[in-house]
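Colleague: Below you will find the structure I want to go over with you.
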Amino acid sequence: MNEFILELQDINSEDLAFLLFRHILLGSSFDYQNKFYVKHNSLIESTYITENNKILEIDSKRRGLFSEKDKLIILEKNGSWTKEEEERYQERFKRITDLQISKKKLVIPAQIKQAQILFEQEMRDFSAFFIERDNVLGLTLESYVNTQTYQYYLKNFFFKDEALTERLFSDEDFEELPQYEIKKYYDYYFEFQEVFNSRNLKKITCCPFILNTFFLSKTPVDFFGKNISELTLNQISLYSNYLYYKNITESADFKPPPQECYNNLNKLVDYYDQQYSFISSKNNSKKR
C-alpha cells in the first residue's frame, strides 16, 4: 500500500473530505506518488465487467480447461502435488486472507500501516510456495479467467491523463508486462476503492459546505450534469447519502448538530444517525 492510499483511509477532517469530494466529482483520482489516474467504476462500466466475466466463463469452457478442483485431483493421483501440500497451501492462504480482512476493519492509519507490514511479510514468506503450486497446476479455468480479468482492469481503469483518454500502458508496453505486475494494479484498484467505503462517503456528504452544495440541486442529473447510467458508483452513493441527510434535516423534530461535532466527522456522522433513529422511532410511535 502506498502512502497516498494510507493517508486517505480514515477521512476525519474537512480538508481531506473536500479532496475526496473533488475526486468523486471528476470520476477519477490522481495518485501523486505513482503519477497516474485511476478511473472510478460507473454504473454502465459495471455492466461491461459483468458481460466480460460471462464471456470469459464461456471462453474458458470452450477451451476445455479443467477447474482448479479437478486439476488438483489429477495431480494428487500422479503424485505431482500431494494432499498434505495442498492443506499447507490452504492454511497459509487463509492466514493471508484473514490479515486482509482484519486490515480493512482498522481505521487508525498507524494500525493500518502495521497491518500492511505484517501482510507484506507473510506474502514474501508465502510467495515461493505459491509460485511452486502455480507452476504445478498450470493453466486452469480459474487462472485463465483471473489473468484476463487483471488485464481488463489495467487497460480500462488506469490512465496517464485527467481526461482518461491515454492508457497508462500502450498495447506494446502491455505485452511486455509480467503477469505479477499486472495483478499488482488489479490489487491496487480494489485497495484504493476502500478509500471510498460507505463510512467515508457519509463523512464527505455531511460536511457542511458539501451538504449545502447538494441542497442547490433537485436531481443527481442536475448536480452531476450526467445521465444516471453514466454516474460513477461513488457519485450515486454520495447523492443517496445527501437524500438521507436531507430527509433528516427537513424533519420538524430535527435538532442541528452541536458545534463540537463539526470538528470531528466521525461524531458528525454518528449524530445524524442518532437523529435518524430518534425521528424514525417517533414517527413509528405516531402511527400506532
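Labels used: A, B, ... for chains in the order of the C-alpha cells, numbers from 1 for residues in each chain, and numbers from 1 for ligands as shown.
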Residues of stretch 136-204 of chain A classed as alpha helix (DSSP H) by DSSP on the backbone are to be reported as a PyMOL selection string.
Modeller: chain A and resi 136-137+141-157+171-176+179-193+198-204
Colleague: Show which residues sit within 12 Å of stretch 230-233 of chain A, as a PDB file with C-alpha atoms, in the first residue's frame. Count only C-alpha atoms, and ignore same-chain residues fewer than 6 positions away.
Modeller:
ATOM      1  CA  HIS A  23     -12.143  13.036  -6.855  1.00  0.00           C
ATOM      2  CA  ILE A  24     -15.769  11.925  -6.839  1.00  0.00           C
ATOM      3  CA  LEU A  25     -16.909  14.904  -8.903  1.00  0.00           C
ATOM      4  CA  LEU A  26     -14.211  14.191 -11.506  1.00  0.00           C
ATOM      5  CA  GLY A  27     -14.923  10.465 -11.522  1.00  0.00           C
ATOM      6  CA  SER A  28     -11.209   9.712 -11.140  1.00  0.00           C
ATOM      7  CA  LYS A  39     -10.938   5.843 -13.139  1.00  0.00           C
ATOM      8  CA  HIS A  40     -13.830   5.284 -10.766  1.00  0.00           C
ATOM      9  CA  ASN A  41     -16.201   2.470 -11.613  1.00  0.00           C
ATOM     10  CA  SER A  42     -19.502   3.631 -13.111  1.00  0.00           C
ATOM     11  CA  LEU A  43     -22.921   2.051 -13.316  1.00  0.00           C
ATOM     12  CA  ILE A  44     -22.514   1.380 -17.033  1.00  0.00           C
ATOM     13  CA  GLU A  45     -18.932   0.153 -16.580  1.00  0.00           C
ATOM     14  CA  SER A  46     -20.222  -2.394 -14.062  1.00  0.00           C
ATOM     15  CA  THR A  47     -22.412  -3.895 -16.785  1.00  0.00           C
ATOM     16  CA  GLN A 193     -11.645   1.593  -3.547  1.00  0.00           C
ATOM     17  CA  PHE A 196     -14.437   5.291  -0.801  1.00  0.00           C
ATOM     18  CA  ASN A 197     -16.053   2.981   1.724  1.00  0.00           C
ATOM     19  CA  SER A 198     -19.572   3.713   2.935  1.00  0.00           C
ATOM     20  CA  LEU A 201     -18.738   8.629   1.796  1.00  0.00           C
ATOM     21  CA  PRO A 220     -28.476  13.824  -9.372  1.00  0.00           C
ATOM     22  CA  VAL A 221     -28.540  14.654 -13.087  1.00  0.00           C
ATOM     23  CA  ASP A 222     -28.952  18.321 -12.149  1.00  0.00           C
ATOM     24  CA  PHE A 223     -25.970  18.118  -9.780  1.00  0.00           C
ATOM     25  CA  PHE A 224     -23.505  15.997 -11.763  1.00  0.00           C
ATOM     26  CA  TYR A 239     -26.195  11.574  -3.742  1.00  0.00           C
ATOM     27  CA  SER A 240     -28.049   8.808  -1.900  1.00  0.00           C
TER      28      SER A 240
END
Colleague: Using DSSP assignments from the backbone, pull out every residue in stretch 88-273 of chain A that falls under strand (DSSP E or B) and give it to me as a ChimeraX atom specification.
Modeller: /A:158-159,167,232
Colleague: Considering only C-alpha atoms, can you say which of A:Leu154, A:Ser80, A:Lys69, A:Glu191 comes closest to A:Gln116?
Modeller: A:Glu191
Colleague: In Å, with one decimal, what is the gap from atom CA of A:Ser281 to atom CA of A:Thr249?
Modeller: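 Rounded to one decimal, the two atoms are 15.5 Å apart.
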Colleague: By how many Å are atom CA of A:Phe129 and atom CA of A:Phe190 apart?
Modeller: 24.5 Å
Colleague: What lies within 12 Å of A:Phe21 using only C-alpha atoms, ignoring chain neighbours under 4 positions off, as a VMD selection string?
Modeller: chain A and resid 8 11 14 to 17 25 to 29 195 to 196 200 to 207 209 to 211 213 to 214 234 to 235 237 to 239
Colleague: Which residue, A:Lys103, A:Glu86, A:Glu162, A:Glu76, has the smallest gap to A:Glu132 when you use only C-alpha atoms?
Modeller: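 Nearest candidate to A:Glu132 out of A:Lys103, A:Glu86, A:Glu162, A:Glu76: A:Glu86.
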Colleague: As an exercise, work out the distance from atom CA of A:Glu91 to atom CA of A:Phe119 in Å and give it to one decimal place.
Modeller: 14.7 Å
Colleague: Fewer than 4 positions away in the same chain doesn't count, so skip those; otherwise give me all residues within 10 Å of A:Tyr180, counting only C-alpha atoms, as a PyMOL selection string.
Modeller: chain A and resi 147+150+184-186
Colleague: For C-alpha atoms, I'd like the residues from the last selection saved as a JSON list (two decimals), in the first residue's frame.
Modeller:
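To be explicit, this is the file written out as out-v4.json:
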[["chain", "number", "residue", "atom", "x", "y", "z"],
["A", 147, "THR", "CA", -5.48, -13.41, -15.86],
["A", 150, "TYR", "CA", -6.44, -8.47, -14.28],
["A", 184, "LYS", "CA", -0.42, -5.58, -8.67],
["A", 185, "TYR", "CA", -2.51, -2.93, -10.45],
["A", 186, "TYR", "CA", -5.63, -5.03, -10.00]]
Colleague: Between A:Lys77, A:Ile248, A:Phe93, A:Asn12, which is the closest to A:Pro109 once you count only C-alpha atoms?
Modeller: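 Among the listed residues, A:Asn12 lies closest to A:Pro109.
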Colleague: May I ask which of the residues A:Gln151, A:Tyr144, A:Lys246, A:Asn156 is the closest one to A:Phe66, counting only C-alpha atoms?
Modeller: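 Ranked by minimum distance to A:Phe66, first place goes to A:Tyr144.
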Colleague: Looking at A:Phe126, A:Phe174, A:Phe278, A:Phe158, which one is nearest to A:Tyr37, with distances taken over only C-alpha atoms?
Modeller: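 Under the stated criterion, the closest residue is A:Phe158.
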Colleague: Restricting the calculation to only C-alpha atoms, which member of A:Leu268, A:Ile101, A:Leu75, A:Leu177 is positioned closest to A:Gly138?
Modeller: A:Leu75
